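Data block below; observations after.
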Amino acid sequence: MEKMRQKVAREFADWSRLPDGVEPTFFHDTIKDMDALVARLHPFEVIGAMRERTPFPRALIERLPNLRLLVTTGMRNQSIDMAAARDNDVLVCGTGAVAHGTAELAFGLILAPARNLTVENRSVREGGWQVGVSRDLRGATLGIIGLGRLGSQVAAMGRAFGMEILAWSQNLTEERAAEAGATLVSKEELLRRADFVTVHQLLSDRSRGLIDAAAIACMRPTSYLVNTSRAPIVDTAALVAALKEKRIAGAALNVYDTEPLPADDPLRRIDNLLLTPHIGYVTRRTYKVFYGEMLEDILAWLDGAPVRVIAPA
């Protein structure tokens with residue numbers, strides 16, 4: 001498993017700016033066991049967390065009496081119990097972010113199955129040649145669930161490829177959809193008409209399970225589903241069943257109910273499913289912002305003037 005670790009946090013910020021006596025420690029693995037995680041983090045006053053890879057619930061925060069500053073990349077992290085941080089005098093700060101990475105990946109996950117890229121790549125590497133006939137994006141219909149900052153960027157990419165853009169979310173208006181070059185339709189109509197459906201909603205009580213068995217049943221056997229948002233928005237069991245029974249043509253996932261995805265997870269064995277390891281935000285520009293501003297947060301806190309505070313202690 002060693003080869004799977006990026007080990008790049010050190011190179012994306014000038015950690016030598018930390019004062020004498022303050023030395024960063026970098027961890028590259030994921031610890032699920034609570035007791036082991038407490039033992040790992042117990043000595044530290046300052047912890048920097050990459051997105052939501054390691055949750056910080058109350059049960060963890062209360063067992064880290066030395067913790068005074070928790071810095072998360074981005075300004076929103078649903079896996080940190082903000083109330084628990086406040087109750088335990090832990091200051092939570094964030095960083096800026098780059099918005100285009102996930103949108104670019106999402107469109108890549110549309111383009112890849114449309115042009116059979118993974119299949120054709122494997123064929124050539126194994127000594128073969130053309131094995132399929134790909135889909136045209138020009139003239140195809142792209143359905144976007146959630147037309148916010150990321151969804152609007154995907155809509156622009158779809159228009160550049162000559163696609164018809166449909167959109168839906170709970171609060172989307174016709175005017176807002178038109179501004180993004182999309183047509184507002186119902187969720188059911190979007191799922192029925194779209195050749196490619198891509199999800200760009202925040203995870204909330206309203207969006208959890210939004211793409212369930214009934215929603216997937218609206219899709220056509222030639223349609224594809226892409227999720228680069230949050231795994232619980234799509235019912236994984238319902239999606240797996242639809243893929244195995246070929247009730248939809250395929251899907252692409254970048255997010256999972258359990259991360260890292262277990263080695264024996266059945267998702268790894270579905271042939272019409274494209275998988276990427278939660279890399280929407282993983283770009284060089286994003287990492288420079290994440291780690292550079294994480295360092296700035298730490299330095300500001302050490303100077304007694306914290307910046308980008310999300311939850312005050």
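We name chains A, B, ... following the order of the structure tokens; residues begin at 1 in each chain, and ligands are numbered from 1 as shown.
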
Problem set entry | Within 10 Å of Val98 of chain A using only C-alpha atoms, minus same-chain residues under 2 positions, as an NGL selection string | :A and (74 or 96 or 100-102 or 281-283 or 285-290)

For this session: Mind listing the strand (DSSP E or B) residues of segment 8-248 of chain A, per DSSP on the backbone, as a PyMOL selection string?
Result: chain A and resi 46-49+56+69-72+80+91-93+141-145+164-168+183-184+196-199+211+224-227+234

Please identify every residue of segment 178-256 of chain A that has at least one atom no farther than 8 Å from an atom of segment 107-115 of chain A, counting only C-alpha atoms, and for each give the shortest atom pair and the distance in Å to one decimal, arranged by chain then increasing number, as a tab-separated table.
```
residue	atom	partner	partner_atom	distance
A:Phe196	CA	A:Ile110	CA	7.0
A:Tyr224	CA	A:Ile110	CA	8.0
A:Val226	CA	A:Leu109	CA	6.8
A:Gly250	CA	A:Pro113	CA	7.9
A:Ala252	CA	A:Leu109	CA	6.1
```

For this session: Excluding Val240 of chain A and any residue of its chain fewer than 2 positions from it, enumerate the residues within 12 Å of it, using only C-alpha atoms, and give them as a PyMOL selection string.
Result: chain A and resi 212-213+216+225+234-238+242-253+265-273

Could you write out that same residue set with N, CA and C atoms as a PDB file, in the first residue's frame?
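Writing done, so here's selection-v9.pdb:
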```pdb
ATOM      1  N   ASP A 212     -31.889   7.667  -5.802  1.00  0.00           N
ATOM      2  CA  ASP A 212     -32.208   6.360  -5.229  1.00  0.00           C
ATOM      3  C   ASP A 212     -32.640   5.404  -6.337  1.00  0.00           C
ATOM      4  N   ALA A 213     -33.171   4.257  -5.947  1.00  0.00           N
ATOM      5  CA  ALA A 213     -33.565   3.253  -6.940  1.00  0.00           C
ATOM      6  C   ALA A 213     -34.619   3.793  -7.895  1.00  0.00           C
ATOM      7  N   ILE A 216     -32.908   6.205 -10.376  1.00  0.00           N
ATOM      8  CA  ILE A 216     -32.110   5.477 -11.365  1.00  0.00           C
ATOM      9  C   ILE A 216     -33.010   4.763 -12.361  1.00  0.00           C
ATOM     10  N   LEU A 225     -24.193   7.835 -15.386  1.00  0.00           N
ATOM     11  CA  LEU A 225     -24.294   8.640 -14.174  1.00  0.00           C
ATOM     12  C   LEU A 225     -22.894   8.939 -13.657  1.00  0.00           C
ATOM     13  N   VAL A 234     -26.007   9.452  -3.769  1.00  0.00           N
ATOM     14  CA  VAL A 234     -26.419   8.336  -4.636  1.00  0.00           C
ATOM     15  C   VAL A 234     -26.512   7.063  -3.796  1.00  0.00           C
ATOM     16  N   ASP A 235     -27.614   6.360  -3.924  1.00  0.00           N
ATOM     17  CA  ASP A 235     -27.787   5.074  -3.244  1.00  0.00           C
ATOM     18  C   ASP A 235     -26.868   4.049  -3.923  1.00  0.00           C
ATOM     19  N   THR A 236     -25.781   3.701  -3.238  1.00  0.00           N
ATOM     20  CA  THR A 236     -24.768   2.840  -3.856  1.00  0.00           C
ATOM     21  C   THR A 236     -25.339   1.480  -4.213  1.00  0.00           C
ATOM     22  N   ALA A 237     -26.123   0.893  -3.332  1.00  0.00           N
ATOM     23  CA  ALA A 237     -26.689  -0.437  -3.597  1.00  0.00           C
ATOM     24  C   ALA A 237     -27.589  -0.416  -4.824  1.00  0.00           C
ATOM     25  N   ALA A 238     -28.398   0.640  -4.947  1.00  0.00           N
ATOM     26  CA  ALA A 238     -29.281   0.753  -6.105  1.00  0.00           C
ATOM     27  C   ALA A 238     -28.479   0.942  -7.382  1.00  0.00           C
ATOM     28  N   ALA A 242     -28.303  -1.582 -10.696  1.00  0.00           N
ATOM     29  CA  ALA A 242     -28.610  -1.111 -12.049  1.00  0.00           C
ATOM     30  C   ALA A 242     -27.455  -1.379 -13.008  1.00  0.00           C
ATOM     31  N   LEU A 243     -26.221  -1.232 -12.529  1.00  0.00           N
ATOM     32  CA  LEU A 243     -25.056  -1.482 -13.376  1.00  0.00           C
ATOM     33  C   LEU A 243     -24.922  -2.964 -13.707  1.00  0.00           C
ATOM     34  N   LYS A 244     -25.086  -3.806 -12.712  1.00  0.00           N
ATOM     35  CA  LYS A 244     -24.949  -5.244 -12.939  1.00  0.00           C
ATOM     36  C   LYS A 244     -26.014  -5.766 -13.894  1.00  0.00           C
ATOM     37  N   GLU A 245     -27.209  -5.194 -13.791  1.00  0.00           N
ATOM     38  CA  GLU A 245     -28.313  -5.650 -14.640  1.00  0.00           C
ATOM     39  C   GLU A 245     -28.367  -4.885 -15.961  1.00  0.00           C
ATOM     40  N   LYS A 246     -27.375  -3.999 -16.175  1.00  0.00           N
ATOM     41  CA  LYS A 246     -27.260  -3.206 -17.407  1.00  0.00           C
ATOM     42  C   LYS A 246     -28.513  -2.369 -17.667  1.00  0.00           C
ATOM     43  N   ARG A 247     -29.148  -1.899 -16.570  1.00  0.00           N
ATOM     44  CA  ARG A 247     -30.297  -1.013 -16.728  1.00  0.00           C
ATOM     45  C   ARG A 247     -29.876   0.407 -17.064  1.00  0.00           C
ATOM     46  N   ILE A 248     -28.611   0.737 -16.825  1.00  0.00           N
ATOM     47  CA  ILE A 248     -27.999   1.952 -17.365  1.00  0.00           C
ATOM     48  C   ILE A 248     -26.666   1.534 -17.987  1.00  0.00           C
ATOM     49  N   ALA A 249     -26.156   2.372 -18.881  1.00  0.00           N
ATOM     50  CA  ALA A 249     -24.956   1.977 -19.628  1.00  0.00           C
ATOM     51  C   ALA A 249     -23.718   1.929 -18.744  1.00  0.00           C
ATOM     52  N   GLY A 250     -23.637   2.838 -17.777  1.00  0.00           N
ATOM     53  CA  GLY A 250     -22.447   2.859 -16.939  1.00  0.00           C
ATOM     54  C   GLY A 250     -22.491   4.020 -15.965  1.00  0.00           C
ATOM     55  N   ALA A 251     -21.451   4.117 -15.166  1.00  0.00           N
ATOM     56  CA  ALA A 251     -21.339   5.197 -14.180  1.00  0.00           C
ATOM     57  C   ALA A 251     -19.868   5.477 -13.937  1.00  0.00           C
ATOM     58  N   ALA A 252     -19.610   6.640 -13.368  1.00  0.00           N
ATOM     59  CA  ALA A 252     -18.266   7.020 -12.940  1.00  0.00           C
ATOM     60  C   ALA A 252     -18.387   7.624 -11.550  1.00  0.00           C
ATOM     61  N   LEU A 253     -17.567   7.141 -10.628  1.00  0.00           N
ATOM     62  CA  LEU A 253     -17.606   7.613  -9.239  1.00  0.00           C
ATOM     63  C   LEU A 253     -16.239   8.126  -8.821  1.00  0.00           C
ATOM     64  N   ASP A 265     -13.929  -4.178  -1.920  1.00  0.00           N
ATOM     65  CA  ASP A 265     -15.235  -3.583  -2.193  1.00  0.00           C
ATOM     66  C   ASP A 265     -15.745  -4.066  -3.549  1.00  0.00           C
ATOM     67  N   PRO A 266     -17.019  -4.475  -3.631  1.00  0.00           N
ATOM     68  CA  PRO A 266     -17.563  -4.978  -4.901  1.00  0.00           C
ATOM     69  C   PRO A 266     -17.554  -3.947  -6.024  1.00  0.00           C
ATOM     70  N   LEU A 267     -17.488  -2.659  -5.690  1.00  0.00           N
ATOM     71  CA  LEU A 267     -17.421  -1.647  -6.747  1.00  0.00           C
ATOM     72  C   LEU A 267     -16.220  -1.864  -7.658  1.00  0.00           C
ATOM     73  N   ARG A 268     -15.148  -2.405  -7.104  1.00  0.00           N
ATOM     74  CA  ARG A 268     -13.920  -2.610  -7.885  1.00  0.00           C
ATOM     75  C   ARG A 268     -14.092  -3.675  -8.966  1.00  0.00           C
ATOM     76  N   ARG A 269     -15.152  -4.448  -8.902  1.00  0.00           N
ATOM     77  CA  ARG A 269     -15.309  -5.586  -9.823  1.00  0.00           C
ATOM     78  C   ARG A 269     -16.429  -5.376 -10.840  1.00  0.00           C
ATOM     79  N   ILE A 270     -16.967  -4.164 -10.941  1.00  0.00           N
ATOM     80  CA  ILE A 270     -18.045  -3.895 -11.888  1.00  0.00           C
ATOM     81  C   ILE A 270     -17.445  -3.318 -13.165  1.00  0.00           C
ATOM     82  N   ASP A 271     -17.659  -3.994 -14.284  1.00  0.00           N
ATOM     83  CA  ASP A 271     -16.926  -3.634 -15.501  1.00  0.00           C
ATOM     84  C   ASP A 271     -17.427  -2.364 -16.173  1.00  0.00           C
ATOM     85  N   ASN A 272     -18.661  -1.946 -15.929  1.00  0.00           N
ATOM     86  CA  ASN A 272     -19.171  -0.721 -16.549  1.00  0.00           C
ATOM     87  C   ASN A 272     -19.185   0.446 -15.564  1.00  0.00           C
ATOM     88  N   LEU A 273     -18.202   0.446 -14.676  1.00  0.00           N
ATOM     89  CA  LEU A 273     -18.068   1.486 -13.667  1.00  0.00           C
ATOM     90  C   LEU A 273     -16.630   2.008 -13.665  1.00  0.00           C
TER      91      LEU A 273
END
```

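Residues in contact with Thr30 of chain A at up to 10 Å, not including ones fewer than 4 positions away on its chain and judged by only C-alpha atoms, are A:Leu37, A:Arg53, A:Thr54, A:Glu259, A:Pro260.
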
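Distance check against Thr258 of chain A using only C-alpha atoms: of A:Asp195, A:Asp87, A:Glu296, A:Glu52, the minimum falls on A:Glu52.
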
Problem set entry | Residue neighbourhood Ile298 of chain A, 12 Å, only C-alpha atoms, exclusion window fewer than 6 positions, as a ChimeraX atom specification | /A:15,17-19,22-24,45-48,68-72,91-95,291-292,304-309

Problem set entry | Exercise: Gln78 of chain A partners within 10 Å, only C-alpha atoms, chain neighbours under 6 positions left out, as a VMD selection string | chain A and resid 51 to 52 55 to 57 203 to 204
